[in-house]
Amino acid sequence: MAPQPSTRWQSLSPCAYGAFIVHPPVLVGIGLLLANQPWPNSVRFAIAGVAGVALSFLLARALLMIPGARRVL
(Lines give C-alpha, C1' and ligand atoms only; values in the text may rest on other atoms or scores of the structure.)
Protein backbone atom coordinates (compact mmCIF):
# COMPACT_ATOMS: atom_id res chain seq x y z
CA MET A 1 0.00 0.00 0.00
CA ALA A 2 1.36 3.43 -0.92
CA PRO A 3 2.00 5.93 1.88
CA GLN A 4 -0.36 8.87 2.27
CA PRO A 5 0.89 12.18 0.86
CA SER A 6 1.97 14.81 3.36
CA THR A 7 -0.29 17.71 4.26
CA ARG A 8 1.94 20.02 2.20
CA TRP A 9 1.21 18.05 -0.99
CA GLN A 10 -2.47 17.74 -0.09
CA SER A 11 -2.72 21.52 0.29
CA LEU A 12 -1.36 21.97 -3.26
CA SER A 13 -3.77 19.48 -4.77
CA PRO A 14 -6.75 21.87 -5.20
CA CYS A 15 -4.46 24.30 -7.06
CA ALA A 16 -3.04 21.78 -9.54
CA TYR A 17 -5.57 22.32 -12.36
CA GLY A 18 -5.41 26.09 -11.93
CA ALA A 19 -1.62 25.97 -12.11
CA PHE A 20 -1.90 23.90 -15.29
CA ILE A 21 -4.21 26.52 -16.83
CA VAL A 22 -2.15 29.60 -15.90
CA HIS A 23 1.37 28.25 -16.44
CA PRO A 24 1.77 29.16 -20.17
CA PRO A 25 1.50 32.95 -19.70
CA VAL A 26 3.56 32.73 -16.50
CA LEU A 27 6.38 30.92 -18.34
CA VAL A 28 6.24 33.33 -21.29
CA GLY A 29 6.57 36.26 -18.90
CA ILE A 30 9.49 34.68 -17.07
CA GLY A 31 11.11 33.79 -20.39
CA LEU A 32 10.84 37.37 -21.58
CA LEU A 33 12.38 38.63 -18.34
CA LEU A 34 15.28 36.20 -18.66
CA ALA A 35 15.82 36.54 -22.42
CA ASN A 36 18.45 39.28 -22.29
CA GLN A 37 20.37 37.96 -19.29
CA PRO A 38 24.00 37.00 -19.99
CA TRP A 39 23.64 33.69 -18.13
CA PRO A 40 24.02 30.25 -19.72
CA ASN A 41 20.84 28.70 -21.09
CA SER A 42 20.91 25.95 -18.47
CA VAL A 43 20.82 28.53 -15.66
CA ARG A 44 17.96 30.43 -17.28
CA PHE A 45 16.11 27.14 -17.81
CA ALA A 46 16.50 26.18 -14.14
CA ILE A 47 15.36 29.61 -12.95
CA ALA A 48 12.38 29.60 -15.31
CA GLY A 49 11.38 26.10 -14.21
CA VAL A 50 11.51 26.73 -10.48
CA ALA A 51 9.97 30.20 -10.69
CA GLY A 52 7.34 29.01 -13.17
CA VAL A 53 6.10 26.22 -10.92
CA ALA A 54 6.09 28.42 -7.83
CA LEU A 55 4.37 31.38 -9.48
CA SER A 56 1.81 29.18 -11.24
CA PHE A 57 0.73 27.58 -7.98
CA LEU A 58 0.67 30.94 -6.17
CA LEU A 59 -1.41 32.51 -8.93
CA ALA A 60 -3.78 29.53 -8.99
CA ARG A 61 -4.23 29.76 -5.20
CA ALA A 62 -4.95 33.50 -5.50
CA LEU A 63 -7.44 32.93 -8.32
CA LEU A 64 -9.27 30.30 -6.28
CA MET A 65 -10.07 32.98 -3.69
CA ILE A 66 -12.27 34.78 -6.23
CA PRO A 67 -15.93 33.88 -5.64
CA GLY A 68 -17.12 31.39 -8.24
CA ALA A 69 -13.65 30.59 -9.56
CA ARG A 70 -13.64 27.20 -7.86
CA ARG A 71 -16.31 26.02 -10.31
CA VAL A 72 -14.01 26.81 -13.24
CA LEU A 73 -10.61 26.03 -11.77
# chains A, B, ... in the order shown; residues from 1 in each chain; ligands from 1

$ residues_around --residues "Val22 of chain A" --least-positions-apart "2" --cutoff "8 Å" --atoms "only C-alpha atoms" --output "list in words"
Gly18, Ala19, Phe20, Pro24, Pro25, Val26, Ser56, Leu59 and Ala60 of chain A

$ atom_distance --atom1 "atom CA of Leu27 of chain A" --atom2 "atom CA of Thr7 of chain A"
27.0 Å

$ select_by_dssp --residues "chain A" --states "helix (DSSP H, G or I)" --output "MDAnalysis selection string"
chainID A and resid 7:34 41:63 69:72

$ atom_distance --atom1 "atom CA of Val43 of chain A" --atom2 "atom CA of Ala16 of chain A"
25.5 Å
